[in-house]
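Asks: Below is a structure I'd like to ask you about.
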Amino acid sequence: MKTLTVSALVCAMIALTQAAAESDRVNTGMCCSDWTEFNGRCFRYIPTPMTWATAEINCLSLGGNLASVHSILEYHEIQRIILANTKENKSCWIGGSDAEENKSWFWSDGTLLNYSNWCAGEPNNGRGNQDCIQMNYSGGRCWDDVQCSNMKPSVCVKRL
């Protein structure tokens with residue numbers, strides 16, 4: 001009887017260990033169904049118009065940040081995600097801001113701003129209070145600095 005009980009406990013422990021390992025693999029190896037994987041990160045379009053700060057808080061509640069963009073390929077993928085969700089090239093918040101110090105742009109996820117796609121003449125800090133980045137601005141579908149209090153949809157990102 002003892003052998004049977006010990007065997008059952010060992011089998012249960014092995015099954016739980018395998019299930020936990022599988023769960024870790026699922027959570028860290030691919031994006032959830034409403035997120036899109038690209039280049040080791042998960043992106044999600046959020047259609048609800050919000051201020052930049054509220055959009056960032058929303059992304060934080062989902063386990064991420066407003067999207068940082070590190071290459072033209074990543075930018076095109078984010079544009080593709082927006083287009084797939086809206087059927088248009090809608091302007092959206094991404095995670096860039098210089099609210100802390102004018103002309104010192106950073107990503108809200110803490111990564112370096114090592115790629116940019118500013119429209120001609122941008123960032124211009126119009127009227128002295130444009131501190132947040134919208135993407136897909138104008139016909140050039142490039143970046144523009146705008147007031148963070150504007151209401152826009154957004155794109156979140158999280159690491160795998």
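Chain labels A, B, ... are given in the sequence in which chains occur in the structure tokens; within each chain residues are numbered consecutively from 1, and ligands are likewise numbered from 1 in the order shown.
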Which residues, written as a list in words, have at least one atom at most 8 Å from Lys90 in chain A, with only C-alpha atoms counted and residues fewer than 6 positions away on the same chain left out?
Replies: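 Answer for this query is Ile82, Leu83 and Asn136 of chain A.
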Asks: Write a file of the just-selected residues containing N, CA and C atoms, as a PDB file, in the first residue's frame.
Replies:
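Dumped everything to selection_4.pdb:
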ATOM      1  N   ILE A  82      -2.412  47.849 -37.071  1.00  0.00           N
ATOM      2  CA  ILE A  82      -3.436  48.902 -37.022  1.00  0.00           C
ATOM      3  C   ILE A  82      -4.372  48.777 -38.215  1.00  0.00           C
ATOM      4  N   LEU A  83      -3.819  48.618 -39.391  1.00  0.00           N
ATOM      5  CA  LEU A  83      -4.616  48.497 -40.613  1.00  0.00           C
ATOM      6  C   LEU A  83      -5.541  47.280 -40.557  1.00  0.00           C
ATOM      7  N   ASN A 136       1.628  57.264 -37.656  1.00  0.00           N
ATOM      8  CA  ASN A 136       0.697  57.301 -38.793  1.00  0.00           C
ATOM      9  C   ASN A 136       0.122  58.693 -39.005  1.00  0.00           C
TER      10      ASN A 136
END
Asks: Report as a PyMOL selection string all protein, DNA and RNA residues lying within 10 Å of Lys103 in chain A, evaluated on only C-alpha atoms, omitting residues in the same chain fewer than 5 positions from it.
Replies: chain A and resi 97-98+123-125+131
Asks: Any chance you could list, as a PDB file with C-alpha atoms, in the first residue's frame, the residues in range 21-153 of chain A that come up strand (DSSP E) when DSSP is run on the backbone?
Replies:
ATOM      1  CA  THR A  36       0.615  39.740 -32.384  1.00  0.00           C
ATOM      2  CA  GLU A  37       4.164  38.415 -32.083  1.00  0.00           C
ATOM      3  CA  PHE A  38       6.928  40.166 -33.963  1.00  0.00           C
ATOM      4  CA  ARG A  41       7.718  40.941 -28.586  1.00  0.00           C
ATOM      5  CA  CYS A  42       3.915  41.016 -28.525  1.00  0.00           C
ATOM      6  CA  PHE A  43       1.926  43.974 -29.911  1.00  0.00           C
ATOM      7  CA  ARG A  44      -1.735  44.854 -29.419  1.00  0.00           C
ATOM      8  CA  TYR A  45      -3.905  47.560 -30.958  1.00  0.00           C
ATOM      9  CA  ILE A  46      -6.201  49.291 -28.456  1.00  0.00           C
ATOM     10  CA  PRO A  47      -9.103  51.020 -30.281  1.00  0.00           C
ATOM     11  CA  THR A  48     -10.400  53.079 -27.347  1.00  0.00           C
ATOM     12  CA  PRO A  49      -9.324  56.746 -27.595  1.00  0.00           C
ATOM     13  CA  MET A  50      -7.409  57.806 -24.470  1.00  0.00           C
ATOM     14  CA  ASN A  65       3.801  49.559 -22.141  1.00  0.00           C
ATOM     15  CA  LEU A  66       2.903  51.789 -25.026  1.00  0.00           C
ATOM     16  CA  CYS A  92      -2.224  56.115 -32.651  1.00  0.00           C
ATOM     17  CA  TRP A  93      -0.188  56.659 -29.521  1.00  0.00           C
ATOM     18  CA  ILE A  94       3.135  54.889 -29.203  1.00  0.00           C
ATOM     19  CA  GLY A  95       5.369  55.096 -26.150  1.00  0.00           C
ATOM     20  CA  GLY A  96       7.640  58.024 -26.989  1.00  0.00           C
ATOM     21  CA  SER A  97       7.677  61.126 -24.811  1.00  0.00           C
ATOM     22  CA  PHE A 106      12.553  58.220 -24.449  1.00  0.00           C
ATOM     23  CA  TRP A 107      10.358  55.126 -24.632  1.00  0.00           C
ATOM     24  CA  CYS A 132       4.019  62.648 -26.895  1.00  0.00           C
ATOM     25  CA  ILE A 133       4.422  60.700 -30.145  1.00  0.00           C
ATOM     26  CA  GLN A 134       1.572  59.792 -32.450  1.00  0.00           C
ATOM     27  CA  MET A 135       2.353  57.489 -35.356  1.00  0.00           C
ATOM     28  CA  ASN A 136       0.697  57.301 -38.793  1.00  0.00           C
ATOM     29  CA  TYR A 137       0.462  61.083 -38.924  1.00  0.00           C
ATOM     30  CA  CYS A 142       5.208  59.211 -39.970  1.00  0.00           C
ATOM     31  CA  TRP A 143       5.652  60.476 -36.376  1.00  0.00           C
ATOM     32  CA  ASP A 144       4.437  63.760 -34.974  1.00  0.00           C
ATOM     33  CA  ASP A 145       4.779  65.239 -31.507  1.00  0.00           C
ATOM     34  CA  VAL A 146       1.378  66.267 -30.132  1.00  0.00           C
ATOM     35  CA  LYS A 152      -6.198  58.586 -29.528  1.00  0.00           C
ATOM     36  CA  PRO A 153      -6.214  54.822 -29.872  1.00  0.00           C
TER      37      PRO A 153
END
Asks: Just list the residues in chain A DSSP gives alpha helix (DSSP H) on the backbone, as a PyMOL selection string.
Replies: chain A and resi 2-29+52-61+72-86
Asks: Grab the residues selected above and save them as a compact mmCIF listing (two decimals), in the first residue's frame with N, CA and C atoms.
Replies:
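That gives us selection36.txt:
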# COMPACT_ATOMS: atom_id res chain seq x y z
N LYS A 2 1.97 1.23 0.86
CA LYS A 2 2.86 2.38 0.91
C LYS A 2 3.49 2.63 -0.46
N THR A 3 3.90 1.57 -1.14
CA THR A 3 4.53 1.71 -2.45
C THR A 3 3.56 2.32 -3.44
N LEU A 4 2.33 1.90 -3.39
CA LEU A 4 1.33 2.45 -4.29
C LEU A 4 1.09 3.93 -4.01
N THR A 5 1.02 4.31 -2.73
CA THR A 5 0.81 5.71 -2.36
C THR A 5 2.00 6.57 -2.80
N VAL A 6 3.22 6.08 -2.55
CA VAL A 6 4.42 6.81 -2.95
C VAL A 6 4.48 6.93 -4.46
N SER A 7 4.17 5.87 -5.17
CA SER A 7 4.16 5.91 -6.63
C SER A 7 3.15 6.93 -7.15
N ALA A 8 1.98 6.96 -6.53
CA ALA A 8 0.96 7.91 -6.95
C ALA A 8 1.42 9.35 -6.69
N LEU A 9 2.05 9.57 -5.55
CA LEU A 9 2.56 10.91 -5.24
C LEU A 9 3.65 11.33 -6.22
N VAL A 10 4.56 10.40 -6.55
CA VAL A 10 5.63 10.70 -7.51
C VAL A 10 5.03 11.02 -8.87
N CYS A 11 4.08 10.23 -9.30
CA CYS A 11 3.43 10.48 -10.60
C CYS A 11 2.72 11.83 -10.59
N ALA A 12 2.04 12.15 -9.50
CA ALA A 12 1.36 13.44 -9.41
C ALA A 12 2.35 14.58 -9.46
N MET A 13 3.48 14.45 -8.76
CA MET A 13 4.51 15.49 -8.77
C MET A 13 5.09 15.67 -10.16
N ILE A 14 5.35 14.56 -10.85
CA ILE A 14 5.88 14.64 -12.21
C ILE A 14 4.86 15.33 -13.13
N ALA A 15 3.60 14.96 -13.01
CA ALA A 15 2.56 15.56 -13.85
C ALA A 15 2.45 17.06 -13.58
N LEU A 16 2.47 17.45 -12.29
CA LEU A 16 2.39 18.87 -11.94
C LEU A 16 3.60 19.64 -12.43
N THR A 17 4.78 19.04 -12.31
CA THR A 17 6.01 19.68 -12.78
C THR A 17 5.96 19.88 -14.28
N GLN A 18 5.51 18.84 -15.02
CA GLN A 18 5.39 18.96 -16.47
C GLN A 18 4.34 19.99 -16.86
N ALA A 19 3.23 20.04 -16.14
CA ALA A 19 2.18 21.01 -16.43
C ALA A 19 2.70 22.44 -16.19
N ALA A 20 3.44 22.62 -15.10
CA ALA A 20 4.01 23.94 -14.81
C ALA A 20 5.01 24.34 -15.89
N ALA A 21 5.85 23.40 -16.31
CA ALA A 21 6.82 23.70 -17.36
C ALA A 21 6.11 24.04 -18.66
N GLU A 22 5.04 23.31 -18.98
CA GLU A 22 4.26 23.59 -20.19
C GLU A 22 3.61 24.96 -20.09
N SER A 23 3.07 25.29 -18.91
CA SER A 23 2.45 26.60 -18.70
C SER A 23 3.47 27.72 -18.89
N ASP A 24 4.68 27.54 -18.34
CA ASP A 24 5.73 28.54 -18.54
C ASP A 24 6.06 28.69 -20.01
N ARG A 25 6.13 27.59 -20.73
CA ARG A 25 6.45 27.62 -22.16
C ARG A 25 5.36 28.38 -22.92
N VAL A 26 4.11 28.14 -22.58
CA VAL A 26 3.01 28.81 -23.26
C VAL A 26 3.05 30.31 -22.96
N ASN A 27 3.28 30.68 -21.70
CA ASN A 27 3.27 32.09 -21.32
C ASN A 27 4.47 32.85 -21.83
N THR A 28 5.61 32.21 -22.00
CA THR A 28 6.81 32.92 -22.41
C THR A 28 7.21 32.64 -23.85
N GLY A 29 6.55 31.69 -24.51
CA GLY A 29 6.98 31.31 -25.84
C GLY A 29 6.14 31.87 -26.97
N TRP A 52 -2.46 60.06 -23.69
CA TRP A 52 -1.23 59.26 -23.70
C TRP A 52 -1.02 58.58 -22.35
N ALA A 53 -1.16 59.34 -21.25
CA ALA A 53 -0.93 58.78 -19.92
C ALA A 53 -1.92 57.66 -19.60
N THR A 54 -3.18 57.85 -19.93
CA THR A 54 -4.18 56.80 -19.69
C THR A 54 -3.90 55.58 -20.54
N ALA A 55 -3.46 55.81 -21.78
CA ALA A 55 -3.11 54.69 -22.66
C ALA A 55 -1.93 53.91 -22.08
N GLU A 56 -0.93 54.61 -21.54
CA GLU A 56 0.21 53.93 -20.91
C GLU A 56 -0.25 53.12 -19.70
N ILE A 57 -1.11 53.71 -18.87
CA ILE A 57 -1.63 52.97 -17.71
C ILE A 57 -2.40 51.74 -18.16
N ASN A 58 -3.17 51.88 -19.23
CA ASN A 58 -3.91 50.73 -19.77
C ASN A 58 -2.95 49.64 -20.22
N CYS A 59 -1.89 50.03 -20.94
CA CYS A 59 -0.90 49.02 -21.38
C CYS A 59 -0.23 48.36 -20.18
N LEU A 60 0.09 49.15 -19.14
CA LEU A 60 0.68 48.57 -17.93
C LEU A 60 -0.26 47.53 -17.32
N SER A 61 -1.56 47.82 -17.32
CA SER A 61 -2.54 46.87 -16.75
C SER A 61 -2.60 45.57 -17.55
N ILE A 72 12.53 50.04 -38.90
CA ILE A 72 11.51 50.27 -39.92
C ILE A 72 10.63 49.03 -40.09
N LEU A 73 11.21 47.85 -39.95
CA LEU A 73 10.43 46.61 -40.07
C LEU A 73 9.39 46.53 -38.95
N GLU A 74 9.80 46.89 -37.73
CA GLU A 74 8.88 46.88 -36.61
C GLU A 74 7.78 47.92 -36.82
N TYR A 75 8.16 49.09 -37.32
CA TYR A 75 7.18 50.14 -37.59
C TYR A 75 6.15 49.66 -38.61
N HIS A 76 6.61 49.02 -39.66
CA HIS A 76 5.69 48.51 -40.67
C HIS A 76 4.79 47.42 -40.11
N GLU A 77 5.28 46.60 -39.21
CA GLU A 77 4.46 45.56 -38.59
C GLU A 77 3.37 46.20 -37.73
N ILE A 78 3.72 47.24 -36.97
CA ILE A 78 2.72 47.93 -36.15
C ILE A 78 1.68 48.58 -37.06
N GLN A 79 2.11 49.18 -38.16
CA GLN A 79 1.16 49.75 -39.12
C GLN A 79 0.24 48.67 -39.67
N ARG A 80 0.78 47.50 -39.95
CA ARG A 80 -0.02 46.39 -40.46
C ARG A 80 -1.08 45.97 -39.44
N ILE A 81 -0.69 45.92 -38.17
CA ILE A 81 -1.62 45.54 -37.09
C ILE A 81 -2.75 46.56 -37.00
N ILE A 82 -2.41 47.85 -37.07
CA ILE A 82 -3.44 48.90 -37.02
C ILE A 82 -4.37 48.78 -38.21
N LEU A 83 -3.82 48.62 -39.39
CA LEU A 83 -4.62 48.50 -40.61
C LEU A 83 -5.54 47.28 -40.56
N ALA A 84 -5.04 46.17 -40.04
CA ALA A 84 -5.85 44.95 -39.94
C ALA A 84 -7.03 45.15 -38.98
N ASN A 85 -6.85 45.98 -37.96
CA ASN A 85 -7.89 46.21 -36.97
C ASN A 85 -8.86 47.32 -37.34
N THR A 86 -8.41 48.28 -38.14
CA THR A 86 -9.23 49.47 -38.40
C THR A 86 -9.61 49.64 -39.87
Asks: For each of A:Cys148, A:Leu62, A:Leu160, A:Val69, take the minimum atom-to-atom distance to Asn117 in chain A, counting only C-alpha atoms, then give the residue where this is smallest.
Replies: A:Val69
Asks: Work out how far CA of Ser116 in chain A is from CA of Gly140 in chain A, in Å to one decimal.
Replies: 13.7 Å
Asks: Between A:Asn129, A:Ser33, A:Asn89, A:Asn114, single out the one closest to Glu101 in chain A, counting only C-alpha atoms.
Replies: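 Result for the nearest residue to Glu101 in chain A: A:Asn129.
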Asks: Pick the closest to Gly63 in chain A from A:Ala120, A:Val157, A:Gly110, A:Gly128: which is it, counting only C-alpha atoms?
Replies: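 Closest to Gly63 in chain A, using only C-alpha atoms: A:Val157.
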